[in-house]
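Everything below belongs to data_20.cif, which stores mmCIF, C-alpha atoms.
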```cif
data_work
loop_
_atom_site.label_atom_id
_atom_site.label_comp_id
_atom_site.auth_asym_id
_atom_site.auth_seq_id
_atom_site.Cartn_x
_atom_site.Cartn_y
_atom_site.Cartn_z
CA MET A 1 131.76 118.63 82.24
CA ARG A 2 128.56 120.22 81.04
CA LEU A 3 127.07 116.85 80.11
CA GLU A 4 127.95 115.50 83.54
CA HIS A 5 125.99 118.27 85.24
CA LEU A 6 123.07 117.71 82.91
CA LEU A 7 123.09 114.00 83.74
CA ILE A 8 123.12 114.57 87.51
CA PHE A 9 120.36 117.16 87.22
CA GLY A 10 118.30 114.91 84.94
CA ALA A 11 118.69 111.83 87.12
CA VAL A 12 117.69 113.67 90.31
CA MET A 13 114.77 115.24 88.50
CA VAL A 14 113.40 111.96 87.15
CA VAL A 15 113.77 110.15 90.48
CA THR A 16 112.08 112.99 92.38
CA TRP A 17 109.32 113.16 89.77
CA PHE A 18 108.60 109.46 90.11
CA ALA A 19 108.87 109.39 93.90
CA ALA A 20 106.65 112.44 94.37
CA ILE A 21 103.90 110.92 92.22
CA TYR A 22 104.24 107.55 93.93
CA PHE A 23 104.26 108.89 97.50
CA TRP A 24 101.73 111.72 97.15
CA PRO A 25 98.75 109.67 98.44
CA ARG A 26 100.85 108.39 101.34
CA LEU A 27 101.83 111.95 102.27
CA LEU A 28 98.19 112.97 102.18
CA LEU A 29 97.12 110.16 104.50
CA SER A 30 99.96 110.86 106.92
CA VAL A 31 98.13 114.14 107.52
CA TYR A 32 95.07 112.11 108.52
CA ARG A 33 97.15 109.90 110.75
CA ARG A 34 98.44 112.94 112.60
CA ALA A 35 94.98 114.49 112.78
CA ILE A 36 93.52 111.34 114.36
CA LEU A 37 96.30 110.19 116.66
CA VAL A 38 97.79 113.55 117.68
CA LYS A 39 95.22 116.33 117.35
CA GLY A 40 91.82 114.68 117.58
CA PHE A 41 88.47 116.23 116.77
CA GLY A 42 87.44 118.04 119.94
CA ASP A 43 87.82 115.33 122.58
CA GLY A 44 91.60 115.02 122.55
CA PRO A 45 93.68 112.60 120.50
CA VAL A 46 91.90 109.47 119.29
CA PRO A 47 93.76 106.38 120.59
CA VAL A 48 94.96 103.92 117.98
CA ASN A 49 92.52 101.05 117.26
CA THR A 50 89.46 102.99 118.36
CA LEU A 51 86.72 104.56 116.30
CA TYR A 52 85.81 108.17 117.07
CA THR A 53 82.49 109.64 115.96
CA GLN A 54 82.20 113.38 115.45
CA GLN A 55 80.19 115.27 118.08
CA GLU A 56 76.49 115.83 117.58
CA ALA A 57 76.98 119.54 118.20
CA LEU A 58 79.47 119.84 115.34
CA PHE A 59 77.04 118.20 112.94
CA ALA A 60 74.13 120.35 114.20
CA ASP A 61 76.17 123.54 113.87
CA PRO A 62 78.89 122.93 111.27
CA LEU A 63 79.84 126.61 111.12
CA HIS A 64 81.77 126.48 114.39
CA VAL A 65 84.65 124.02 114.65
CA PRO A 66 86.19 123.87 118.17
CA SER A 67 89.56 125.63 118.11
CA GLY A 68 92.81 123.72 118.56
CA THR A 69 91.38 120.59 116.96
CA SER A 70 91.77 119.13 113.52
CA LYS A 71 89.39 120.52 110.94
CA LEU A 72 89.72 117.43 108.78
CA ALA A 73 86.51 115.86 110.10
CA SER A 74 84.67 118.97 108.97
CA ALA A 75 86.71 119.74 105.87
CA GLY A 76 84.55 120.50 102.89
CA VAL A 77 80.78 120.71 103.01
CA ASN A 78 78.99 117.50 103.95
CA ARG A 79 75.77 117.37 105.93
CA ASP A 80 74.50 113.91 105.09
CA THR A 81 76.37 111.51 107.28
CA LEU A 82 77.95 111.49 110.71
CA LEU A 83 81.64 110.87 110.26
CA SER A 84 83.63 108.36 112.31
CA LEU A 85 87.39 108.04 112.02
CA GLY A 86 89.91 105.57 113.32
CA TRP A 87 93.54 104.63 112.73
CA LEU A 88 94.22 100.91 112.98
CA ASP A 89 97.50 99.18 113.72
CA LEU A 90 97.18 95.46 113.08
CA SER A 91 100.78 94.60 113.98
CA LYS A 92 99.77 93.52 117.50
CA GLY A 93 97.05 91.20 116.26
CA PRO A 94 93.63 91.26 114.64
CA LEU A 95 90.76 93.49 115.68
CA VAL A 96 87.05 92.84 115.88
CA LEU A 97 84.69 95.42 114.47
CA HIS A 98 81.17 95.33 115.85
CA VAL A 99 78.31 97.07 114.04
CA PRO A 100 74.82 97.44 115.55
CA GLU A 101 71.48 96.73 113.89
CA MET A 102 70.98 99.69 111.55
CA ALA A 103 67.45 98.70 110.48
CA GLY A 104 67.79 99.65 106.83
CA ARG A 105 69.58 102.93 107.49
CA TYR A 106 72.43 103.76 105.11
CA TYR A 107 75.83 103.40 106.69
CA SER A 108 79.28 102.38 105.54
CA LEU A 109 82.70 101.71 106.97
CA GLN A 110 85.43 102.33 104.45
CA PHE A 111 88.76 100.52 104.84
CA THR A 112 91.51 102.59 103.27
CA ASN A 113 95.08 101.45 102.74
CA PRO A 114 97.14 104.50 103.81
CA SER A 115 100.11 103.57 101.64
CA ASN A 116 98.24 104.38 98.44
CA ASN A 117 94.85 105.83 99.45
CA THR A 118 92.76 103.06 97.92
CA ASN A 119 89.80 101.30 99.49
CA PHE A 120 90.20 97.55 99.87
CA ALA A 121 86.99 96.72 101.74
CA TYR A 122 83.64 98.06 102.84
CA VAL A 123 81.28 97.09 105.62
CA GLY A 124 77.84 98.62 105.28
CA LYS A 125 74.46 98.66 103.62
CA ARG A 126 75.77 98.07 100.11
CA THR A 127 78.20 95.25 100.89
CA THR A 128 77.14 93.51 104.11
CA GLY A 129 73.61 94.76 104.78
CA THR A 130 72.26 96.71 107.72
CA GLY A 131 71.97 93.94 110.33
CA ALA A 132 74.21 93.71 113.39
CA GLY A 133 77.48 91.90 112.82
CA ASP A 134 81.08 91.26 113.82
CA PHE A 135 84.06 91.42 111.50
CA LEU A 136 87.57 90.14 112.08
CA ILE A 137 90.15 92.55 110.66
CA THR A 138 93.53 90.94 110.13
CA GLY A 139 96.87 92.26 108.99
CA PRO A 140 99.12 90.86 106.27
CA ARG A 141 100.57 87.35 106.83
CA TRP A 142 97.98 86.60 109.52
CA THR A 143 97.18 82.93 109.92
CA GLY A 144 94.47 81.42 112.08
CA ASP A 145 90.82 80.62 112.11
CA VAL A 146 88.07 83.18 111.86
CA PRO A 147 85.82 82.75 114.94
CA GLU A 148 82.35 81.33 114.43
CA GLY A 149 79.84 83.97 113.39
CA MET A 150 82.42 86.53 112.25
CA ARG A 151 83.18 87.66 108.74
CA HIS A 152 86.79 88.17 107.68
CA ILE A 153 88.37 91.39 106.37
CA PRO A 154 92.02 90.82 105.46
CA SER A 155 94.07 94.00 105.16
CA PRO A 156 97.02 94.29 102.75
CA ASN A 157 98.73 96.71 105.15
CA ARG A 158 99.17 96.64 108.92
CA ALA A 159 98.04 100.27 109.09
CA VAL A 160 94.46 101.01 108.10
CA LEU A 161 92.42 104.20 107.96
CA LEU A 162 88.82 103.39 108.89
CA ILE A 163 86.10 105.85 107.96
CA GLY A 164 82.51 105.42 109.07
CA ARG A 165 79.50 107.23 107.65
CA VAL A 166 76.02 106.96 109.18
CA LEU A 167 73.14 108.67 107.39
CA VAL A 168 71.21 111.33 109.30
CA TYR A 169 67.60 111.63 108.11
CA GLY A 170 67.14 115.10 109.59
CA ASP A 171 67.60 117.28 112.68
CA GLN A 172 65.17 115.18 114.75
CA ASP A 173 67.06 112.03 113.84
CA LEU A 174 70.52 113.31 114.73
CA SER A 175 70.83 111.91 118.26
CA ARG A 176 69.47 108.54 117.16
CA ALA A 177 71.97 108.37 114.30
CA HIS A 178 74.75 109.45 116.65
CA GLY A 179 73.76 106.71 119.10
CA LEU A 180 74.03 104.11 116.35
CA ALA A 181 77.36 105.49 115.09
CA THR A 182 78.91 105.26 118.57
CA GLN A 183 77.84 101.62 118.77
CA MET A 184 80.23 100.81 115.93
CA ARG A 185 83.17 99.62 118.00
CA LEU A 186 86.63 98.15 117.63
CA ALA A 187 88.05 95.67 120.14
CA PRO A 188 91.03 93.32 120.27
CA VAL A 189 90.41 89.57 119.97
CA HIS A 190 89.98 87.89 123.37
CA MET S 1 89.80 121.85 89.90
CA SER S 2 89.36 125.56 90.39
CA ARG S 3 90.80 128.16 88.05
CA THR S 4 93.36 129.18 90.64
CA TYR S 5 94.78 125.66 90.50
CA THR S 6 94.74 125.72 86.70
CA TYR S 7 96.75 128.94 86.63
CA PHE S 8 99.10 127.67 89.32
CA THR S 9 99.65 124.44 87.37
CA ALA S 10 100.37 126.42 84.19
CA LEU S 11 102.79 128.65 86.07
CA VAL S 12 104.70 125.77 87.69
CA GLY S 13 104.79 123.91 84.36
CA THR S 14 106.13 126.94 82.51
CA ILE S 15 108.82 127.56 85.12
CA CYS S 16 109.92 123.90 85.03
CA VAL S 17 110.11 123.74 81.23
CA ALA S 18 111.83 127.12 80.95
CA PHE S 19 114.36 126.04 83.54
CA ILE S 20 115.13 122.76 81.74
CA LEU S 21 115.53 124.61 78.42
CA ALA S 22 117.84 127.17 80.04
CA MET S 23 119.84 124.34 81.55
CA VAL S 24 120.35 122.67 78.18
CA PHE S 25 120.94 125.70 75.97
CA LEU S 26 122.42 128.48 78.11
CA PRO S 27 126.08 128.41 79.18
CA LEU S 28 125.61 128.44 82.97
CA THR S 29 128.19 127.80 85.66
CA ARG S 30 127.11 124.70 87.52
CA THR S 31 128.02 122.79 90.65
CA VAL S 32 126.92 119.31 91.69
CA ARG S 33 125.14 120.90 94.64
CA SER S 34 122.98 123.08 92.38
CA ASP S 35 122.34 120.10 90.06
CA VAL S 36 120.86 118.06 92.90
CA LEU S 37 118.90 120.86 94.50
CA GLN S 38 117.44 122.09 91.24
CA GLY S 39 116.76 118.56 90.02
CA PHE S 40 114.78 117.92 93.18
CA LEU S 41 112.73 121.11 92.91
CA ILE S 42 112.03 120.74 89.20
CA GLY S 43 111.17 117.04 89.63
CA PHE S 44 108.72 117.90 92.37
CA GLY S 45 107.16 120.68 90.29
CA LEU S 46 106.80 118.37 87.30
CA ALA S 47 105.16 115.69 89.50
CA PHE S 48 102.58 118.24 90.60
CA VAL S 49 101.95 119.34 87.02
CA THR S 50 101.76 115.73 85.74
CA ALA S 51 99.14 114.73 88.32
CA GLN S 52 97.11 117.89 87.75
CA ILE S 53 97.07 117.41 83.97
CA TYR S 54 96.30 113.71 84.28
CA GLY S 55 93.41 114.44 86.65
CA ARG S 56 91.99 116.99 84.24
CA LEU S 57 92.23 114.54 81.34
CA LYS S 58 90.45 111.83 83.34
CA ALA S 59 87.75 114.12 84.74
CA VAL S 60 84.35 113.87 83.09
CA ARG S 61 82.60 117.17 82.41
CA ALA S 62 78.99 117.68 81.42
CA ASN S 63 76.75 120.74 81.81
CA GLY S 64 79.43 122.43 83.92
CA TRP S 65 79.59 119.53 86.40
CA ILE S 66 82.85 117.69 86.94
CA THR S 67 83.28 114.15 88.26
CA MET S 68 86.16 111.68 88.49
CA PRO S 69 85.39 108.03 87.82
CA GLY S 70 87.58 105.48 89.57
CA LEU S 71 88.37 107.35 92.80
CA GLY S 72 89.86 105.12 95.50
CA ASP S 73 89.84 102.08 93.25
CA PRO S 74 92.82 99.78 94.01
CA ASP S 75 93.30 99.08 90.29
CA ASN S 76 93.48 102.64 89.10
CA GLY S 77 97.22 103.09 88.81
CA MET S 78 99.87 105.33 90.30
CA LEU S 79 99.15 108.44 88.23
CA MET S 80 95.43 108.28 88.94
CA ARG S 81 96.07 107.86 92.65
CA ALA S 82 98.34 110.92 92.68
CA ALA S 83 95.75 112.91 90.72
CA CYS S 84 93.00 111.87 93.15
CA ALA S 85 95.12 112.80 96.15
CA GLN S 86 95.61 116.27 94.70
CA LEU S 87 92.16 116.99 93.31
CA PHE S 88 90.11 115.29 96.04
CA PRO S 89 92.47 115.56 99.02
CA GLY S 90 91.02 112.94 101.32
CA PRO S 91 90.13 109.29 101.57
CA VAL S 92 87.08 109.43 99.31
CA ASN S 93 84.62 106.67 98.50
CA THR S 94 84.96 104.32 95.57
CA SER S 95 82.45 104.94 92.78
CA ALA S 96 80.30 101.93 93.69
CA GLU S 97 79.73 103.45 97.16
CA ALA S 98 79.35 107.10 96.17
CA VAL S 99 79.79 109.38 93.17
CA TYR S 100 80.54 113.08 93.58
CA TRP S 101 79.96 115.92 91.14
CA TRP S 102 81.36 119.36 91.64
CA THR S 103 80.81 122.66 89.87
CA ASN S 104 81.66 126.32 90.15
CA SER S 105 80.03 127.33 86.88
CA ASP S 106 76.56 127.42 85.41
CA GLY S 107 75.50 125.50 82.30
CA ALA S 108 76.73 128.35 80.08
CA GLY S 109 80.20 128.29 81.64
CA ALA S 110 79.90 131.48 83.74
CA THR S 111 81.13 131.41 87.34
CA LEU S 112 78.40 130.78 89.93
CA ASP S 113 77.80 133.97 91.87
CA GLY S 114 75.16 134.87 94.47
CA ARG S 115 74.48 138.12 92.63
CA HIS S 116 72.39 135.98 90.29
CA ASP S 117 69.57 133.52 90.89
CA TYR S 118 69.88 129.99 89.55
CA VAL S 119 67.55 127.07 88.94
CA LEU S 120 68.51 123.42 88.84
CA HIS S 121 65.73 121.66 86.97
CA PHE S 122 65.45 117.88 87.28
CA PRO S 123 63.00 116.58 84.65
CA ALA S 124 60.31 114.11 85.73
CA GLY S 125 62.06 110.83 86.50
CA GLY S 126 65.42 112.56 86.16
CA MET S 127 66.50 112.59 89.80
CA PRO S 128 69.86 110.87 90.35
CA PRO S 129 69.23 107.10 90.58
CA HIS S 130 70.43 105.59 93.85
CA ASP S 131 69.91 102.88 96.47
CA ALA S 132 70.83 105.06 99.47
CA PHE S 133 70.51 108.84 99.21
CA TRP S 134 71.54 111.92 97.27
CA SER S 135 72.24 115.52 98.26
CA LEU S 136 73.07 118.90 96.74
CA THR S 137 75.25 120.93 99.12
CA MET S 138 76.23 124.59 98.98
CA GLY S 139 79.76 125.78 99.65
CA ASP S 140 81.28 129.24 99.43
CA ALA S 141 84.27 129.95 97.18
CA ARG S 142 86.56 128.31 99.76
CA ASN S 143 84.37 125.21 100.18
CA ARG S 144 82.91 126.21 103.55
CA PHE S 145 79.32 126.14 104.73
CA VAL S 146 77.28 129.27 104.00
CA PRO S 147 75.57 130.85 107.04
CA ASN S 148 71.86 131.49 106.52
CA PRO S 149 68.82 132.12 108.74
CA LEU S 150 67.26 128.74 107.96
CA ARG S 151 70.47 126.91 108.87
CA LYS S 152 69.92 125.01 105.63
CA TYR S 153 73.10 123.86 103.96
CA SER S 154 71.82 121.36 101.43
CA VAL S 155 68.77 119.96 99.71
CA SER S 156 68.38 116.22 99.37
CA ASP S 157 66.06 113.25 99.14
CA ARG S 158 65.34 113.91 102.86
CA SER S 159 64.77 117.68 102.76
CA GLY S 160 61.15 117.66 101.54
CA LEU S 161 61.56 119.02 98.01
CA VAL S 162 58.17 119.77 96.44
CA PRO S 163 57.83 118.49 92.86
CA ASN S 164 55.96 120.34 90.12
CA ALA S 165 52.63 119.05 88.78
CA ASP S 166 54.42 117.17 85.98
CA GLY S 167 56.77 115.42 88.41
CA SER S 168 59.83 117.52 87.64
CA VAL S 169 61.72 119.17 90.51
CA GLU S 170 63.24 122.64 90.60
CA VAL S 171 65.85 123.71 93.12
CA TYR S 172 66.15 127.47 93.56
CA ILE S 173 69.76 128.42 94.25
CA GLN S 174 69.83 132.06 95.33
CA SER S 175 70.81 134.31 98.21
CA THR S 176 67.28 135.52 99.00
CA PRO S 177 64.18 133.33 99.59
CA PRO S 178 62.34 132.53 96.35
CA ALA S 179 58.72 133.57 95.77
CA ASP S 180 57.64 129.93 95.60
CA GLY S 181 58.54 129.36 99.24
CA GLU S 182 61.34 127.68 101.06
CA PRO S 183 61.16 123.89 100.55
CA ASN S 184 63.02 124.05 97.24
CA TRP S 185 65.40 126.84 98.25
CA LEU S 186 69.10 126.23 98.59
CA PRO S 187 70.49 129.39 100.22
CA ALA S 188 73.49 130.87 98.38
CA PRO S 189 76.00 133.41 99.67
CA SER S 190 76.14 136.91 98.18
CA GLY S 191 79.44 136.11 96.44
CA LYS S 192 80.89 133.22 94.48
CA PHE S 193 79.96 129.70 95.42
CA ILE S 194 80.34 126.05 94.48
CA LEU S 195 77.97 123.10 94.54
CA TRP S 196 78.47 119.45 95.43
CA LEU S 197 76.12 116.74 94.22
CA ARG S 198 76.61 113.46 96.05
CA VAL S 199 74.88 110.22 95.18
CA TYR S 200 75.43 107.27 97.51
CA GLN S 201 75.01 103.72 96.21
CA PRO S 202 74.56 105.19 92.72
CA GLY S 203 72.34 103.40 90.24
CA PRO S 204 73.63 101.59 87.12
CA ALA S 205 72.98 104.63 84.90
CA ILE S 206 75.44 106.68 86.97
CA LEU S 207 78.11 103.98 87.12
CA ALA S 208 77.81 103.42 83.37
CA GLY S 209 78.20 107.16 82.80
CA SER S 210 74.88 107.55 81.00
CA TYR S 211 73.22 109.73 83.67
CA VAL S 212 73.86 113.42 82.99
CA VAL S 213 73.35 115.98 85.75
CA PRO S 214 71.19 118.87 84.50
CA PRO S 215 72.89 122.27 84.19
CA VAL S 216 72.61 124.99 86.84
CA ALA S 217 70.75 127.60 84.80
CA ARG S 218 70.89 131.32 85.52
CA ALA S 219 67.40 132.78 85.95
CA GLU S 220 66.48 135.52 83.49
CA GLY S 221 67.07 139.12 84.58
CA SER S 222 68.20 138.14 88.04
CA GLN S 223 71.14 140.53 88.37
CA ARG S 224 71.09 142.27 91.73
#
```
Kindly return the structure encoded in the file as structure tokens.
Amino acid sequence: MRLEHLLIFGAVMVVTWFAAIYFWPRLLLSVYRRAILVKGFGDGPVPVNTLYTQQEALFADPLHVPSGTSKLASAGVNRDTLLSLGWLDLSKGPLVLHVPEMAGRYYSLQFTNPSNNTNFAYVGKRTTGTGAGDFLITGPRWTGDVPEGMRHIPSPNRAVLLIGRVLVYGDQDLSRAHGLATQMRLAPVH
Amino acid sequence: MSRTYTYFTALVGTICVAFILAMVFLPLTRTVRSDVLQGFLIGFGLAFVTAQIYGRLKAVRANGWITMPGLGDPDNGMLMRAACAQLFPGPVNTSAEAVYWWTNSDGAGATLDGRHDYVLHFPAGGMPPHDAFWSLTMGDARNRFVPNPLRKYSVSDRSGLVPNADGSVEVYIQSTPPADGEPNWLPAPSGKFILWLRVYQPGPAILAGSYVVPPVARAEGSQR
């Protein structure tokens, strides 16, 4: 009898231990999903498949986060880059990401797989340069041809967390940087 | 990786181990219901402890600064991913894009506190190598921005740091303006604080692990 109880306890413990370690990153990113799609960052919820850039005012005065909105975009201390966030659902077809001419300015768009919190692709100064460009983002098992002039970003998961960072050189440069960040856009394929 | 988390990890670990030992060696009355419930709780506690310990083993410490190589890397394994999710709760950059260092202690191991003045001395040619930018950002004990009259929250490659005659650069980390003027001042709160050093598109020396961040040194006789 005693051994039986020990076995049940042990089995549940080991399974929970494994599952908790395995699913921890996914749990963490589900918080981001909720923050983006449900709460938003000061302008209401961010619709799926759109990229939202944090307000200029929040960057200029990071001490005051608007109430009732997610603090995730301003979590921690970071005053280098304007943050853009978007939650992608590729189950209804691929998306096109457009980036403007950044003229040498540092920027990056990080593609994170929300099932394990790892980054599978980057668009930006380091990987694709700072020129204007269009990128076709496709989900798993997508087949087709990448349109002329576009580069291909295949995603291993139909959900994607997209994080944009555009460098701000200083207070005088903020609105210019913000203008560039808002020109990074997602659109369905026509 | 604050001390609070260390103590919490130790506490959870001790409770889990003590519970398992009690389970095995003490004659307790048990039901299947309590087996499942307790197995779940203890398993969850052990998962937390495992990831915390693993993260601490994989963290690289030098001069009081802590960094984690391999964040966000698809090849870094389940344990590492759990550790990253706990210690850096957010979708952080991969090392090739950006490397982060964090500290809450000076080079001698004492907790950073605004009651003292500190100097971060970069030797000539010893600034963090990068192809994009770097920054040193101040946070209070709870990782929030520190209000100050200059509205200055970080120093960086863009903030107009003035080098010394020999090319070295000193950053004055203190709660009152330094005598040397404001360009090299990073305003600190009056209480405990932490520092973040971020280097975007880090150079080969950082990715290879050979670049060492200089220690945050407490200035002599600076007790307020």
Can you give me, as a PyMOL selection string, the residues this file yields under the PyMOL selection byres ((chain S and resi 78) around 12)?
(chain A and resi 18-26+115-118) or (chain S and resi 47+50-51+54-55+71-77+79-85)
Rounded to one decimal in Å, what is the spacing between atom CA of S:Ile66 and atom CA of S:Asn143?
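Answer for the atom CA of S:Ile66 to atom CA of S:Asn143 separation: 15.3 Å.
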Evaluated on this file, the PyMOL selection byres ((chain A) within 9 of (chain S)) picks out some residues - which ones are they, written as a PyMOL selection string?
chain A and resi 2+5-26+28-29+32+61-63+72+75-80+105-108+110+112+114+116-120+122+125-126+161+163+167+169-170
Just want the 12 Å neighbourhood of A:Thr69, counted on all atoms listed in the file, with same-chain residues fewer than 2 positions away dropped. Output as a list in words.
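Counting all atoms listed in the file, the residues come to Arg34, Ala35, Ile36, Leu37, Val38, Lys39, Gly40, Phe41, Gly42, Asp43, Gly44, Pro45, Val46, Gln54, His64, Val65, Pro66, Ser67, Lys71, Leu72, Ala73 and Ser74 of chain A.
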Dump C-alpha atoms for the selected residues as a JSON list (two decimals), in the coordinates of the input?
```json
[["chain", "number", "residue", "atom", "x", "y", "z"],
["A", 34, "ARG", "CA", 98.44, 112.94, 112.60],
["A", 35, "ALA", "CA", 94.98, 114.49, 112.78],
["A", 36, "ILE", "CA", 93.52, 111.34, 114.36],
["A", 37, "LEU", "CA", 96.30, 110.19, 116.66],
["A", 38, "VAL", "CA", 97.79, 113.55, 117.68],
["A", 39, "LYS", "CA", 95.22, 116.33, 117.35],
["A", 40, "GLY", "CA", 91.82, 114.68, 117.58],
["A", 41, "PHE", "CA", 88.47, 116.23, 116.77],
["A", 42, "GLY", "CA", 87.44, 118.04, 119.94],
["A", 43, "ASP", "CA", 87.82, 115.33, 122.58],
["A", 44, "GLY", "CA", 91.60, 115.02, 122.55],
["A", 45, "PRO", "CA", 93.68, 112.60, 120.50],
["A", 46, "VAL", "CA", 91.90, 109.47, 119.29],
["A", 54, "GLN", "CA", 82.20, 113.38, 115.45],
["A", 64, "HIS", "CA", 81.77, 126.48, 114.39],
["A", 65, "VAL", "CA", 84.65, 124.02, 114.65],
["A", 66, "PRO", "CA", 86.19, 123.87, 118.17],
["A", 67, "SER", "CA", 89.56, 125.63, 118.11],
["A", 71, "LYS", "CA", 89.39, 120.52, 110.94],
["A", 72, "LEU", "CA", 89.72, 117.43, 108.78],
["A", 73, "ALA", "CA", 86.51, 115.86, 110.10],
["A", 74, "SER", "CA", 84.67, 118.97, 108.97]]
```
Which residues would end up in the selection if the PyMOL selection byres ((chain S and resi 102) around 12) were applied here, given that I need the answer as a PyMOL selection string?
(chain A and resi 76-77) or (chain S and resi 1-2+59-68+87-88+99-101+103-106+112+135-139+143+193-199+213+215-216)
What is the distance, in Å and to one decimal place, between atom CA of A:Val99 and atom CA of A:Val160?
17.7 Å
Neighbouring residues of A:Leu85 were defined as those with any atom within 7 Å, considering only C-alpha atoms; residues of the same chain fewer than 4 positions away were excluded. Please report them as a count of residues only.
6
Tell me, in Å to one decimal, how far atom CA of S:Gln174 is from atom CA of A:Phe59.
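Atom-to-atom, atom CA of S:Gln174 and atom CA of A:Phe59 are spaced 23.5 Å apart.
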Excluding stretch 10-14 of chain S and residues on its chain fewer than 2 positions from it, collect all residues at most 8 Å away from it, counting only C-alpha atoms, and give them as a list in words.
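Here the answer would be Thr6, Tyr7, Phe8, Cys16, Val17, Ala18, Gly45, Leu46 and Val49 of chain S.
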Extending 8 Å beyond the listed atoms of stretch 89-95 of chain S on each side, what axis-aligned box results? I want centre and edge lengths in Å to one decimal, as lines of an AutoDock Vina configuration file.
```
center_x = 87.5
center_y = 109.9
center_z = 97.2
size_x = 26.0
size_y = 27.2
size_z = 24.8
```
Nearest to S:Met127, chosen from S:Val212, S:Gly160, S:Ala188, S:Gly109, with only C-alpha atoms counted in the distances:
S:Val212
Using all atoms listed in the file, the shortest atom-to-atom distance to S:Pro178 among S:Ala219, S:His121, S:Leu26, S:Ala108 belongs to S:Ala219
Atoms are missing here; could stretch 124-137 of chain A be completed with N, CA and C atoms and written as a short mmCIF file (atom, residue, chain, number, x, y, z; two decimals), in the coordinates of the input?
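Done, and the output landed in selection_19.cif:
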```cif
data_model
loop_
_atom_site.label_atom_id
_atom_site.label_comp_id
_atom_site.auth_asym_id
_atom_site.auth_seq_id
_atom_site.Cartn_x
_atom_site.Cartn_y
_atom_site.Cartn_z
N GLY A 124 78.92 97.65 105.34
CA GLY A 124 77.84 98.62 105.28
C GLY A 124 76.66 98.13 104.49
N LYS A 125 75.72 99.03 104.26
CA LYS A 125 74.46 98.66 103.62
C LYS A 125 74.67 98.00 102.27
N ARG A 126 75.58 98.58 101.48
CA ARG A 126 75.77 98.07 100.11
C ARG A 126 76.42 96.68 100.10
N THR A 127 77.39 96.47 101.00
CA THR A 127 78.20 95.25 100.89
C THR A 127 77.80 94.16 101.87
N THR A 128 77.42 94.53 103.10
CA THR A 128 77.14 93.51 104.11
C THR A 128 75.75 93.63 104.71
N GLY A 129 74.95 94.59 104.25
CA GLY A 129 73.61 94.76 104.78
C GLY A 129 73.59 95.62 106.03
N THR A 130 72.39 95.79 106.59
CA THR A 130 72.26 96.71 107.72
C THR A 130 72.00 95.99 109.05
N GLY A 131 72.14 94.68 109.08
CA GLY A 131 71.97 93.94 110.33
C GLY A 131 73.20 94.08 111.21
N ALA A 132 73.06 93.71 112.49
CA ALA A 132 74.21 93.71 113.39
C ALA A 132 75.20 92.65 112.94
N GLY A 133 76.49 92.88 113.23
CA GLY A 133 77.48 91.90 112.82
C GLY A 133 78.84 92.16 113.43
N ASP A 134 79.70 91.14 113.34
CA ASP A 134 81.08 91.26 113.82
C ASP A 134 82.03 90.86 112.70
N PHE A 135 83.11 91.63 112.58
CA PHE A 135 84.06 91.42 111.50
C PHE A 135 85.47 91.32 112.07
N LEU A 136 86.19 90.30 111.64
CA LEU A 136 87.57 90.14 112.08
C LEU A 136 88.49 90.81 111.07
N ILE A 137 89.24 91.81 111.54
CA ILE A 137 90.15 92.55 110.66
C ILE A 137 91.56 92.05 110.94
#
```
